[in-house]
Every structure is written in C-alpha cells, then in structure tokens.
$ cat input-v2.cif   # mmCIF, C-alpha atoms
data_my_file
loop_
_atom_site.group_PDB
_atom_site.id
_atom_site.type_symbol
_atom_site.label_atom_id
_atom_site.label_comp_id
_atom_site.auth_asym_id
_atom_site.auth_seq_id
_atom_site.Cartn_x
_atom_site.Cartn_y
_atom_site.Cartn_z
ATOM 1 C CA MET R 1 6.990 -19.849 2.781
ATOM 2 C CA SER R 2 10.659 -18.920 3.134
ATOM 3 C CA ILE R 3 11.976 -15.961 1.152
ATOM 4 C CA VAL R 4 15.359 -14.493 0.312
ATOM 5 C CA ASN R 5 16.576 -10.886 -0.079
ATOM 6 C CA GLY R 6 14.718 -9.764 3.053
ATOM 7 C CA TYR R 7 11.382 -8.016 3.013
ATOM 8 C CA GLN R 8 10.178 -6.810 -0.390
ATOM 9 C CA ARG R 9 6.753 -5.466 -1.348
ATOM 10 C CA ILE R 10 4.037 -7.994 -2.188
ATOM 11 C CA PHE R 11 0.921 -7.611 -4.330
ATOM 12 C CA PRO R 12 -1.822 -10.269 -4.754
ATOM 13 C CA LEU R 13 -3.239 -10.912 -8.234
ATOM 14 C CA PRO R 14 -6.884 -11.822 -9.004
ATOM 15 C CA ASN R 15 -5.944 -15.391 -10.043
ATOM 16 C CA GLY R 16 -4.444 -16.091 -6.630
ATOM 17 C CA ASP R 17 -0.817 -15.592 -7.630
ATOM 18 C CA LEU R 18 1.361 -13.286 -5.590
ATOM 19 C CA VAL R 19 3.701 -10.674 -7.030
ATOM 20 C CA ARG R 20 6.828 -9.936 -5.015
ATOM 21 C CA ALA R 21 9.465 -7.292 -5.674
ATOM 22 C CA THR R 22 13.196 -7.997 -5.637
ATOM 23 C CA PRO R 23 16.049 -5.605 -4.808
ATOM 24 C CA LYS R 24 17.402 -5.856 -8.369
ATOM 25 C CA PHE R 25 15.871 -6.125 -11.860
ATOM 26 C CA SER R 26 13.116 -8.712 -11.585
ATOM 27 C CA ILE R 27 9.622 -9.224 -10.192
ATOM 28 C CA GLU R 28 8.730 -12.655 -8.820
ATOM 29 C CA VAL R 29 5.343 -14.271 -9.463
ATOM 30 C CA TRP R 30 4.461 -16.961 -6.901
ATOM 31 C CA ASP R 31 1.827 -19.687 -6.857
ATOM 32 C CA SER R 32 0.455 -18.797 -3.436
ATOM 33 C CA LYS R 33 -1.434 -22.072 -3.017
ATOM 34 C CA ASN R 34 1.605 -24.289 -3.466
ATOM 35 C CA GLY R 35 4.332 -21.873 -2.396
ATOM 36 C CA LEU R 36 6.176 -22.215 -5.707
ATOM 37 C CA LEU R 37 7.968 -19.559 -7.721
ATOM 38 C CA LYS R 38 6.290 -19.619 -11.163
ATOM 39 C CA LYS R 39 8.240 -17.007 -13.077
ATOM 40 C CA ASN R 40 10.312 -13.837 -13.030
ATOM 41 C CA LEU R 41 9.416 -10.659 -14.903
ATOM 42 C CA VAL R 42 12.840 -9.351 -15.878
ATOM 43 C CA SER R 43 13.639 -5.896 -17.243
ATOM 44 C CA ASN R 44 16.538 -3.463 -17.421
ATOM 45 C CA TYR R 45 14.916 -1.332 -14.737
ATOM 46 C CA TYR R 46 16.135 -1.450 -11.167
ATOM 47 C CA LYS R 47 14.328 -2.046 -7.878
ATOM 48 C CA PRO R 48 10.558 -2.390 -8.354
ATOM 49 C CA ILE R 49 8.795 -0.953 -5.313
ATOM 50 C CA VAL R 50 5.104 -0.261 -6.099
ATOM 51 C CA PHE R 51 2.430 -2.262 -7.917
ATOM 52 C CA GLY R 52 -1.105 -1.827 -9.185
ATOM 53 C CA LEU R 53 -3.588 -3.586 -11.449
ATOM 54 C CA LEU R 54 -5.292 -1.824 -14.351
ATOM 55 C CA SER R 55 -8.839 -2.643 -15.473
ATOM 56 C CA SER R 56 -7.344 -4.507 -18.458
ATOM 57 C CA GLY R 57 -5.649 -6.941 -16.069
ATOM 58 C CA ASP R 58 -2.213 -5.526 -16.833
ATOM 59 C CA LEU R 59 0.245 -5.182 -13.969
ATOM 60 C CA ILE R 60 1.787 -1.779 -13.421
ATOM 61 C CA ALA R 61 5.107 -1.669 -11.593
ATOM 62 C CA GLY R 62 7.069 1.364 -10.461
ATOM 63 C CA TYR R 63 10.870 1.243 -10.317
ATOM 64 C CA SER R 64 12.119 3.831 -7.859
ATOM 65 C CA PHE R 65 15.748 3.961 -8.986
ATOM 66 C CA ASN R 66 14.798 4.756 -12.587
ATOM 67 C CA LYS R 67 11.606 6.705 -11.765
ATOM 68 C CA THR R 68 9.923 4.540 -14.402
ATOM 69 C CA LEU R 69 6.566 2.752 -14.666
ATOM 70 C CA LEU R 70 6.357 -0.490 -16.653
ATOM 71 C CA ILE R 71 3.016 -1.967 -17.722
ATOM 72 C CA TRP R 72 3.255 -5.754 -17.975
ATOM 73 C CA ASP R 73 0.826 -7.830 -20.049
ATOM 74 C CA LEU R 74 0.084 -10.847 -17.843
ATOM 75 C CA SER R 75 -2.418 -12.401 -20.277
ATOM 76 C CA GLN R 76 0.303 -13.870 -22.490
ATOM 77 C CA LYS R 77 2.323 -17.001 -21.735
ATOM 78 C CA ASN R 78 5.495 -15.013 -22.224
ATOM 79 C CA GLU R 79 4.738 -11.777 -20.404
ATOM 80 C CA LYS R 80 5.795 -8.669 -22.227
ATOM 81 C CA ILE R 81 6.169 -5.000 -21.416
ATOM 82 C CA LYS R 82 3.313 -3.136 -23.121
ATOM 83 C CA ARG R 83 4.269 0.401 -22.159
ATOM 84 C CA ILE R 84 7.093 2.296 -20.512
ATOM 85 C CA ILE R 85 6.301 5.556 -18.748
ATOM 86 C CA GLN R 86 9.164 7.778 -17.666
ATOM 87 C CA THR R 87 8.311 10.042 -14.714
ATOM 88 C CA ASP R 88 9.956 12.495 -12.345
ATOM 89 C CA GLU R 89 8.687 10.726 -9.218
ATOM 90 C CA PHE R 90 10.554 8.794 -6.540
ATOM 91 C CA PHE R 91 7.796 6.239 -5.851
ATOM 92 C CA TRP R 92 6.713 5.122 -2.409
ATOM 93 C CA CYS R 93 3.037 4.254 -2.922
ATOM 94 C CA LEU R 94 0.685 3.903 -5.862
ATOM 95 C CA THR R 95 -3.096 3.673 -6.159
ATOM 96 C CA VAL R 96 -4.971 2.855 -9.372
ATOM 97 C CA LEU R 97 -8.066 5.055 -9.553
ATOM 98 C CA ALA R 98 -11.484 4.134 -10.966
ATOM 99 C CA ASN R 99 -10.654 5.517 -14.431
ATOM 100 C CA ASP R 100 -7.211 3.807 -14.447
ATOM 101 C CA ASP R 101 -5.412 7.036 -13.616
ATOM 102 C CA LEU R 102 -2.513 6.590 -11.214
ATOM 103 C CA ALA R 103 -2.118 8.401 -7.878
ATOM 104 C CA ILE R 104 1.578 8.343 -6.991
ATOM 105 C CA GLY R 105 3.004 9.158 -3.558
ATOM 106 C CA GLN R 106 6.667 10.071 -3.288
ATOM 107 C CA GLN R 107 9.492 9.301 -0.854
ATOM 108 C CA SER R 108 11.601 12.341 -1.788
ATOM 109 C CA ASN R 109 11.697 15.162 -4.328
ATOM 110 C CA ASN R 110 8.825 17.547 -3.425
ATOM 111 C CA PHE R 111 6.506 14.887 -1.817
ATOM 112 C CA ASP R 112 3.554 16.019 -3.963
ATOM 113 C CA ILE R 113 0.972 13.423 -4.986
ATOM 114 C CA VAL R 114 1.044 13.150 -8.776
ATOM 115 C CA ILE R 115 -1.943 11.963 -10.845
ATOM 116 C CA ARG R 116 -0.915 10.414 -14.166
ATOM 117 C CA ASP R 117 -2.770 8.927 -17.115
ATOM 118 C CA SER R 118 -1.807 5.233 -17.216
ATOM 119 C CA MET R 119 -2.034 5.106 -21.017
ATOM 120 C CA SER R 120 -0.088 8.179 -22.063
ATOM 121 C CA GLY R 121 1.822 8.784 -18.842
ATOM 122 C CA GLN R 122 0.791 12.433 -18.963
ATOM 123 C CA MET R 123 0.664 14.228 -15.615
ATOM 124 C CA LYS R 124 -2.905 15.432 -15.061
ATOM 125 C CA LYS R 125 -2.710 16.921 -11.565
ATOM 126 C CA ARG R 126 -0.287 17.656 -8.770
ATOM 127 C CA LEU R 127 -1.694 17.593 -5.235
ATOM 128 C CA VAL R 128 0.418 19.867 -3.070
ATOM 129 C CA GLY R 129 0.224 19.603 0.704
ATOM 130 C CA HIS R 130 2.600 16.991 2.136
ATOM 131 C CA SER R 131 6.164 17.820 3.167
ATOM 132 C CA LYS R 132 7.557 14.318 3.822
ATOM 133 C CA ILE R 133 7.130 10.736 2.552
ATOM 134 C CA VAL R 134 3.573 9.878 1.505
ATOM 135 C CA TYR R 135 2.967 6.367 2.849
ATOM 136 C CA GLN R 136 -0.490 5.563 1.520
ATOM 137 C CA ILE R 137 -3.231 6.902 -0.776
ATOM 138 C CA LEU R 138 -6.814 5.638 -0.697
ATOM 139 C CA LEU R 139 -9.778 6.323 -2.948
ATOM 140 C CA MET R 140 -12.780 7.089 -0.746
ATOM 141 C CA PRO R 141 -16.329 5.856 -1.489
ATOM 142 C CA ASN R 142 -17.419 9.405 -2.470
ATOM 143 C CA GLY R 143 -14.567 9.751 -5.002
ATOM 144 C CA ASN R 144 -12.278 11.896 -2.880
ATOM 145 C CA LEU R 145 -8.717 10.872 -2.040
ATOM 146 C CA VAL R 146 -7.146 10.515 1.386
ATOM 147 C CA SER R 147 -3.423 10.257 2.071
ATOM 148 C CA CYS R 148 -1.115 9.883 5.067
ATOM 149 C CA SER R 149 2.471 10.892 5.586
ATOM 150 C CA LEU R 150 5.591 11.038 7.709
ATOM 151 C CA ASP R 151 4.768 14.755 8.091
ATOM 152 C CA THR R 152 2.064 13.778 10.704
ATOM 153 C CA LYS R 153 -0.834 14.792 8.428
ATOM 154 C CA VAL R 154 -3.753 12.946 6.907
ATOM 155 C CA ILE R 155 -5.151 14.978 4.006
ATOM 156 C CA ILE R 156 -8.548 14.584 2.339
ATOM 157 C CA TRP R 157 -8.446 15.822 -1.259
ATOM 158 C CA ASP R 158 -11.077 16.793 -3.813
ATOM 159 C CA LEU R 159 -9.795 14.678 -6.692
ATOM 160 C CA ASN R 160 -11.512 16.766 -9.367
ATOM 161 C CA SER R 161 -10.013 20.100 -8.333
ATOM 162 C CA GLY R 162 -6.937 18.943 -6.407
ATOM 163 C CA VAL R 163 -7.980 21.167 -3.492
ATOM 164 C CA ILE R 164 -7.448 20.127 0.137
ATOM 165 C CA ILE R 165 -10.816 19.519 1.822
ATOM 166 C CA LYS R 166 -9.378 18.814 5.272
ATOM 167 C CA SER R 167 -5.984 18.301 6.852
ATOM 168 C CA LEU R 168 -6.039 16.182 10.021
ATOM 169 C CA ALA R 169 -3.141 16.824 12.395
ATOM 170 C CA HIS R 170 -1.609 13.978 14.400
ATOM 171 C CA PRO R 171 0.951 13.963 17.231
ATOM 172 C CA SER R 172 3.338 11.744 15.225
ATOM 173 C CA SER R 173 3.889 10.228 11.784
ATOM 174 C CA VAL R 174 0.915 8.438 10.197
ATOM 175 C CA TYR R 175 1.874 5.138 8.600
ATOM 176 C CA SER R 176 -1.420 3.598 7.435
ATOM 177 C CA ILE R 177 -5.062 4.526 6.875
ATOM 178 C CA ALA R 178 -8.281 2.614 6.147
ATOM 179 C CA ILE R 179 -11.989 3.226 5.697
ATOM 180 C CA LEU R 180 -14.123 1.419 8.285
ATOM 181 C CA ASN R 181 -17.364 -0.353 7.388
ATOM 182 C CA ASN R 182 -19.354 2.590 8.782
ATOM 183 C CA GLY R 183 -17.447 5.011 6.538
ATOM 184 C CA ASN R 184 -15.270 6.549 9.254
ATOM 185 C CA LEU R 185 -11.542 6.960 8.683
ATOM 186 C CA ILE R 186 -8.926 5.241 10.830
ATOM 187 C CA SER R 187 -5.272 6.256 10.933
ATOM 188 C CA SER R 188 -2.337 4.475 12.587
ATOM 189 C CA LEU R 189 0.601 6.231 14.230
ATOM 190 C CA ASN R 190 4.213 5.295 14.776
ATOM 191 C CA ASP R 191 3.641 4.713 18.497
ATOM 192 C CA GLY R 192 1.229 1.821 17.859
ATOM 193 C CA SER R 193 -1.956 3.803 18.469
ATOM 194 C CA VAL R 194 -4.871 4.523 16.129
ATOM 195 C CA ASN R 195 -7.224 7.460 15.639
ATOM 196 C CA ILE R 196 -10.810 7.189 14.372
ATOM 197 C CA TRP R 197 -12.269 10.236 12.580
ATOM 198 C CA ASN R 198 -15.926 10.994 11.895
ATOM 199 C CA LYS R 199 -16.579 10.853 8.142
ATOM 200 C CA LYS R 200 -18.888 13.892 8.156
ATOM 201 C CA THR R 201 -17.336 16.293 10.655
ATOM 202 C CA TRP R 202 -13.718 15.017 10.625
ATOM 203 C CA ILE R 203 -13.764 15.280 14.421
ATOM 204 C CA LEU R 204 -11.580 12.800 16.298
ATOM 205 C CA GLU R 205 -13.929 10.249 17.889
ATOM 206 C CA LYS R 206 -11.466 7.806 19.460
ATOM 207 C CA SER R 207 -7.766 7.329 20.049
ATOM 208 C CA PHE R 208 -6.366 4.179 21.618
ATOM 209 C CA LYS R 209 -3.323 1.909 21.684
ATOM 210 C CA VAL R 210 -3.262 -1.359 19.705
ATOM 211 C CA HIS R 211 0.441 -2.289 19.472
ATOM 212 C CA SER R 212 3.475 -1.603 21.648
ATOM 213 C CA SER R 213 5.424 -0.305 18.640
ATOM 214 C CA SER R 214 4.730 1.210 15.237
ATOM 215 C CA ILE R 215 1.966 -0.185 13.056
ATOM 216 C CA CYS R 216 3.894 -0.677 9.838
ATOM 217 C CA TRP R 217 3.402 1.227 6.629
ATOM 218 C CA ASN R 218 2.613 -0.493 3.307
ATOM 219 C CA SER R 219 -1.202 -0.370 3.649
ATOM 220 C CA TYR R 220 -1.074 -2.089 6.993
ATOM 221 C CA LEU R 221 -4.640 -1.808 8.287
ATOM 222 C CA LEU R 222 -6.915 -4.430 6.736
ATOM 223 C CA VAL R 223 -10.667 -4.126 7.261
ATOM 224 C CA LEU R 224 -12.220 -7.601 7.537
ATOM 225 C CA SER R 225 -15.705 -8.489 6.300
ATOM 226 C CA ASN R 226 -17.149 -8.429 9.844
ATOM 227 C CA GLY R 227 -15.794 -4.928 10.501
ATOM 228 C CA ASP R 228 -12.796 -6.020 12.575
ATOM 229 C CA LEU R 229 -9.309 -4.868 11.635
ATOM 230 C CA ALA R 230 -6.075 -6.784 11.177
ATOM 231 C CA SER R 231 -2.807 -4.959 11.754
ATOM 232 C CA GLY R 232 0.881 -5.796 11.880
ATOM 233 C CA SER R 233 3.615 -4.083 13.798
ATOM 234 C CA TYR R 234 7.264 -3.590 14.566
ATOM 235 C CA ASP R 235 6.467 -5.358 17.836
ATOM 236 C CA GLY R 236 6.408 -8.612 15.825
ATOM 237 C CA THR R 237 2.696 -9.333 16.227
ATOM 238 C CA ILE R 238 -0.371 -9.454 14.029
ATOM 239 C CA LYS R 239 -3.543 -8.484 15.849
ATOM 240 C CA VAL R 240 -7.230 -8.759 14.999
ATOM 241 C CA TRP R 241 -9.326 -6.230 16.875
ATOM 242 C CA ASN R 242 -12.641 -4.419 16.934
ATOM 243 C CA PRO R 243 -12.338 -0.675 16.214
ATOM 244 C CA TYR R 244 -15.628 0.117 17.949
ATOM 245 C CA THR R 245 -15.138 -1.737 21.255
ATOM 246 C CA GLN R 246 -11.304 -1.735 21.164
ATOM 247 C CA ALA R 247 -11.388 -5.462 22.041
ATOM 248 C CA ILE R 248 -8.352 -7.478 20.905
ATOM 249 C CA LYS R 249 -9.705 -10.747 19.489
ATOM 250 C CA LEU R 250 -6.532 -12.472 18.294
ATOM 251 C CA VAL R 251 -2.772 -12.053 18.692
ATOM 252 C CA LEU R 252 -0.381 -13.920 16.374
ATOM 253 C CA ASP R 253 3.395 -13.899 16.766
ATOM 254 C CA SER R 254 4.434 -16.613 14.302
ATOM 255 C CA HIS R 255 6.804 -14.341 12.377
ATOM 256 C CA LYS R 256 9.006 -13.777 15.449
ATOM 257 C CA SER R 257 10.170 -10.526 13.867
ATOM 258 C CA ILE R 258 8.873 -7.280 12.397
ATOM 259 C CA VAL R 259 5.714 -7.803 10.329
ATOM 260 C CA TYR R 260 6.128 -5.487 7.357
ATOM 261 C CA GLN R 261 3.002 -6.020 5.252
ATOM 262 C CA LEU R 262 -0.469 -7.588 5.169
ATOM 263 C CA ALA R 263 -2.600 -8.170 2.098
ATOM 264 C CA PHE R 264 -5.759 -10.001 1.052
ATOM 265 C CA THR R 265 -5.456 -12.801 -1.520
ATOM 266 C CA SER R 266 -8.203 -13.525 -4.039
ATOM 267 C CA PHE R 267 -8.901 -16.742 -2.104
ATOM 268 C CA GLY R 268 -10.002 -14.658 0.891
ATOM 269 C CA ASN R 269 -6.880 -15.418 2.907
ATOM 270 C CA ILE R 270 -4.507 -12.906 4.456
ATOM 271 C CA VAL R 271 -0.813 -13.043 3.552
ATOM 272 C CA THR R 272 1.728 -11.440 5.882
ATOM 273 C CA SER R 273 5.384 -10.726 5.235
ATOM 274 C CA SER R 274 8.424 -10.375 7.464
ATOM 275 C CA ALA R 275 12.056 -10.259 6.350
ATOM 276 C CA ASN R 276 12.285 -14.058 6.461
ATOM 277 C CA ASN R 277 8.994 -15.554 5.332
ATOM 278 C CA LEU R 278 5.509 -15.181 3.925
ATOM 279 C CA LEU R 279 2.670 -16.660 5.957
ATOM 280 C CA PHE R 280 -0.833 -17.388 4.658
ATOM 281 C CA TRP R 281 -3.707 -17.280 7.139
ATOM 282 C CA LYS R 282 -7.207 -18.706 6.780
#

$ encode --input "input-v2.cif" --output "structure tokens"
Amino acid sequence: MSIVNGYQRIFPLPNGDLVRATPKFSIEVWDSKNGLLKKNLVSNYYKPIVFGLLSSGDLIAGYSFNKTLLIWDLSQKNEKIKRIIQTDEFFWCLTVLANDDLAIGQQSNNFDIVIRDSMSGQMKKRLVGHSKIVYQILLMPNGNLVSCSLDTKVIIWDLNSGVIIKSLAHPSSVYSIAILNNGNLISSLNDGSVNIWNKKTWILEKSFKVHSSSICWNSYLLVLSNGDLASGSYDGTIKVWNPYTQAIKLVLDSHKSIVYQLAFTSFGNIVTSSANNLLFWK
C-alpha cells in the first residue's frame, strides 16, 4: 500500500482498521484489508505522534507540537473529540496501563516518564531516571514497568512507588524492548545487536548480532506466538529469528529502504512501514 508524507506512526485498531499519523492536523484511518483510506480525524492540533486505546474503545492521540492529548470517540459514525488533556510533555511514546492510566515517555524537556489519569488528565506520578529520549515503555506481567532510552539504559520500575528496581547498562542506545515467552527481557541496540536479560536476576544471559544496522525504535521487536521474534532495521530488512538458538529463519527485503515500524493487526497479520509504503504479511 503506497503512502505519502513519508513515514508516520501507525497503530492497529481491534476492528482491523489502521490508524496512521500525518505531519499536519489529521489522523488517517485505513481499511487495512482493502488498502483504502476510510476517513480523516481532523483537529486544530498539530502533528499527532503517539496513539493508544482505552478500555472504552476510545482512541487516545498525543500531539507533540501542542503537548496535548485528544480522546476520540470511534463508536460514532461522525467521530468526535470526547476530551482534551493539556500536558507539559513532549511525547515520544505512550503506553495505556491496565487501569487506563497513561505512561508517557518524552523526547525532550526533562525526559521523565509521566503517569497521567486518562479521564482527568491529572499527573499521578513522575518516574525520574532517564536523561535522554525514552523510546519505549512496556507493562510487565508482574505489573512493573520497563523502559528504554537513548541514554543507553533500560530501567525496571515499581509502578506503585515509582522507585527504580534495576537499571541495566548497555554499551549504546537502546531502541526497543520486548518480553519473551519465557518472561526474560530482550533489548535491541543501535548497532543491530540484542541483549537477553534473566527475569529474576537481571543478569545478561546472551548478546548477539541480528542486523547489520540499528534495529529501529517504535516498538520494533515483535514476539510471535511460537516464541520467535520479528524485527526491522535501518539495514532495510525484516528478519524472523529465534532468540534462544539465534537462528535466522526468514529475511525479507521487500521495502528496499529503512523499515521504521512493525505492528500486529487484529487479523493476526504483521504490518510494516517504510517511508514509501505499508506492507501486510501473512
């Protein structure tokens, strides 16, 4: 599926549609099965960059230029903005937590992770520990948070207290993280390598090369149902590989350019994005 305006963030919806940001004032909603643009969610707010889905089914979108969160009601034929939350954050990543609170990672300002109430917008906690862009935040199975950053650190947080449980040092910037099927944590570095950390001791178990260039940010490690991982890279390839044996099972280079993002659709497919197109894989 060809796209314009270069790479923009994508976000799959439960009904199979695909949300895509634009560099201006609108959000595109695509029919991912037929490759058709269904509608545009237009506001007076500039440059949507992060997305999440609340338990109500509402779409939450963060606009970095305005430091504003809009909550869109997608249940109506004519979508409307239900709430507007003004913040102090320069968004880079967003994770909706189990209670619908929002964990927000920043690309500038003080780089703290901010926890906000998605109804009132009230700031509930500030997690202090990163010193550069926070690329990704994950909710762990035990309720803790884990984040990665340009500052070369992966930090495990106690979400209740906001205290750092463990800070894992890396030799270079950490662009993406994921939880493996066995519960261990995997982190990807800007040299194309990955580290696997023991979930109990936080000792480094393995470190090996997967790509010849950076594994991209934007939640770029996908754990497949069989335990394999899919990753995309600045080297222009998508790879499927086993994190336990290190075996590369599949290499795809159909984009012919940097692969910026991977995501699961509700149909069980993987969608990948470059600056020129979106590809859907079975």

$ resolve_selection --input "input-v2.cif" --expression "the PyMOL selection byres ((chain R and resi 124) around 12)" --output "ChimeraX atom specification"
/R:101-104,113-123,125-127,159-162

$ residues_around --input "input-v2.cif" --residues "R:Ser213" --least-positions-apart "6" --cutoff "10 Å" --atoms "only C-alpha atoms" --output "VMD selection string"
chain R and resid 189 to 193 232 to 237 258

$ resolve_selection --input "input-v2.cif" --expression "the PyMOL selection byres ((chain R and resi 63-74) around 6)" --output "PyMOL selection string"
chain R and resi 46-49+58-62+75-76+79-87+89-91

$ atom_distance --input "input-v2.cif" --atom1 "atom CA of R:Asn276" --atom2 "atom CA of R:Tyr45"
24.9 Å

$ atom_distance --input "input-v2.cif" --atom1 "atom CA of R:Val42" --atom2 "atom CA of R:Ile27"
6.5 Å

$ resolve_selection --input "input-v2.cif" --expression "the PyMOL selection byres ((chain R and resi 275) around 7)" --output "ChimeraX atom specification"
/R:6-7,273-274,276-277

$ residues_around --input "input-v2.cif" --residues "stretch 174-184 of chain R" --least-positions-apart "5" --cutoff "8 Å" --atoms "all atoms listed in the file" --output "list in words"
Tyr135, Gln136, Leu138, Met140, Ser147, Cys148, Ser149, Leu150, Asp151, Thr152, Lys153, Val154, Leu189, Asn190, Ile196, Trp197, Asn198, Lys199, Ile215, Cys216, Trp217, Asn218, Ser219, Tyr220, Leu221, Leu222, Val223 and Gly227 of chain R

$ closest_residue --input "input-v2.cif" --among "R:Phe25, R:Trp241, R:Trp30, R:Phe51" --to "R:Arg9" --atoms "only C-alpha atoms"
R:Phe51

$ closest_residue --input "input-v2.cif" --among "R:Leu252, R:Ile155, R:Leu37, R:Leu53" --to "R:Ala98" --atoms "all atoms listed in the file"
R:Leu53

$ closest_residue --input "input-v2.cif" --among "R:Ile165, R:Leu145, R:Val96, R:Leu229" --to "R:Ser188" --atoms "all atoms listed in the file"
R:Leu229

$ residues_around --input "input-v2.cif" --residues "R:Pro14" --least-positions-apart "6" --cutoff "10 Å" --atoms "only C-alpha atoms" --output "list in words"
Leu53, Gly57, Thr265, Ser266 and Phe267 of chain R

$ atom_distance --input "input-v2.cif" --atom1 "atom CA of R:Leu41" --atom2 "atom CA of R:Ser26"
5.3 Å

$ closest_residue --input "input-v2.cif" --among "R:Leu204, R:Val146, R:Leu54, R:Leu18" --to "R:Lys166" --atoms "only C-alpha atoms"
R:Val146

$ axis_aligned_box --input "input-v2.cif" --around "stretch 54-73 of chain R" --padding-each-side "5 Å" --output "lines of an AutoDock Vina configuration file"
center_x = 3.5
center_y = -0.6
center_z = -14.0
size_x = 34.6
size_y = 24.5
size_z = 22.2

$ closest_residue --input "input-v2.cif" --among "R:Val271, R:Ile156, R:Phe280, R:Glu205" --to "R:Tyr244" --atoms "all atoms listed in the file"
R:Glu205

$ build_atoms --input "input-v2.cif" --residues "stretch 56-70 of chain R" --atoms "N, CA, C and O atoms" --output "mmCIF file, in the coordinates of the input"
data_model
loop_
_atom_site.group_PDB
_atom_site.id
_atom_site.type_symbol
_atom_site.label_atom_id
_atom_site.label_comp_id
_atom_site.auth_asym_id
_atom_site.auth_seq_id
_atom_site.Cartn_x
_atom_site.Cartn_y
_atom_site.Cartn_z
ATOM 1 N N SER R 56 -7.637 -3.551 -17.389
ATOM 2 C CA SER R 56 -7.344 -4.507 -18.458
ATOM 3 C C SER R 56 -6.739 -5.798 -17.924
ATOM 4 O O SER R 56 -6.612 -6.780 -18.668
ATOM 5 N N GLY R 57 -6.353 -5.803 -16.646
ATOM 6 C CA GLY R 57 -5.649 -6.941 -16.069
ATOM 7 C C GLY R 57 -4.145 -6.808 -16.136
ATOM 8 O O GLY R 57 -3.413 -7.678 -15.638
ATOM 9 N N ASP R 58 -3.660 -5.745 -16.754
ATOM 10 C CA ASP R 58 -2.213 -5.526 -16.833
ATOM 11 C C ASP R 58 -1.668 -5.101 -15.470
ATOM 12 O O ASP R 58 -2.326 -4.378 -14.717
ATOM 13 N N LEU R 59 -0.451 -5.551 -15.200
ATOM 14 C CA LEU R 59 0.245 -5.182 -13.969
ATOM 15 C C LEU R 59 1.064 -3.932 -14.220
ATOM 16 O O LEU R 59 1.812 -3.851 -15.206
ATOM 17 N N ILE R 60 0.938 -2.958 -13.340
ATOM 18 C CA ILE R 60 1.787 -1.779 -13.421
ATOM 19 C C ILE R 60 2.776 -1.819 -12.268
ATOM 20 O O ILE R 60 2.408 -2.102 -11.124
ATOM 21 N N ALA R 61 4.039 -1.611 -12.590
ATOM 22 C CA ALA R 61 5.107 -1.669 -11.593
ATOM 23 C C ALA R 61 5.944 -0.408 -11.681
ATOM 24 O O ALA R 61 6.295 0.043 -12.774
ATOM 25 N N GLY R 62 6.249 0.168 -10.520
ATOM 26 C CA GLY R 62 7.069 1.364 -10.461
ATOM 27 C C GLY R 62 8.454 1.036 -9.941
ATOM 28 O O GLY R 62 8.597 0.374 -8.909
ATOM 29 N N TYR R 63 9.474 1.499 -10.652
ATOM 30 C CA TYR R 63 10.870 1.243 -10.317
ATOM 31 C C TYR R 63 11.477 2.538 -9.798
ATOM 32 O O TYR R 63 11.689 3.487 -10.552
ATOM 33 N N SER R 64 11.759 2.566 -8.494
ATOM 34 C CA SER R 64 12.119 3.831 -7.859
ATOM 35 C C SER R 64 13.454 4.372 -8.341
ATOM 36 O O SER R 64 13.628 5.586 -8.490
ATOM 37 N N PHE R 65 14.423 3.486 -8.586
ATOM 38 C CA PHE R 65 15.748 3.961 -8.986
ATOM 39 C C PHE R 65 15.698 4.687 -10.316
ATOM 40 O O PHE R 65 16.375 5.697 -10.518
ATOM 41 N N ASN R 66 14.890 4.172 -11.246
ATOM 42 C CA ASN R 66 14.798 4.756 -12.587
ATOM 43 C C ASN R 66 13.657 5.746 -12.735
ATOM 44 O O ASN R 66 13.526 6.366 -13.791
ATOM 45 N N LYS R 67 12.789 5.842 -11.700
ATOM 46 C CA LYS R 67 11.606 6.705 -11.765
ATOM 47 C C LYS R 67 10.744 6.357 -12.988
ATOM 48 O O LYS R 67 10.249 7.235 -13.697
ATOM 49 N N THR R 68 10.578 5.041 -13.199
ATOM 50 C CA THR R 68 9.923 4.540 -14.402
ATOM 51 C C THR R 68 8.792 3.597 -14.037
ATOM 52 O O THR R 68 8.905 2.799 -13.101
ATOM 53 N N LEU R 69 7.689 3.673 -14.787
ATOM 54 C CA LEU R 69 6.566 2.752 -14.666
ATOM 55 C C LEU R 69 6.573 1.809 -15.861
ATOM 56 O O LEU R 69 6.662 2.262 -17.012
ATOM 57 N N LEU R 70 6.492 0.505 -15.598
ATOM 58 C CA LEU R 70 6.357 -0.490 -16.653
ATOM 59 C C LEU R 70 4.979 -1.128 -16.548
ATOM 60 O O LEU R 70 4.548 -1.490 -15.452
#
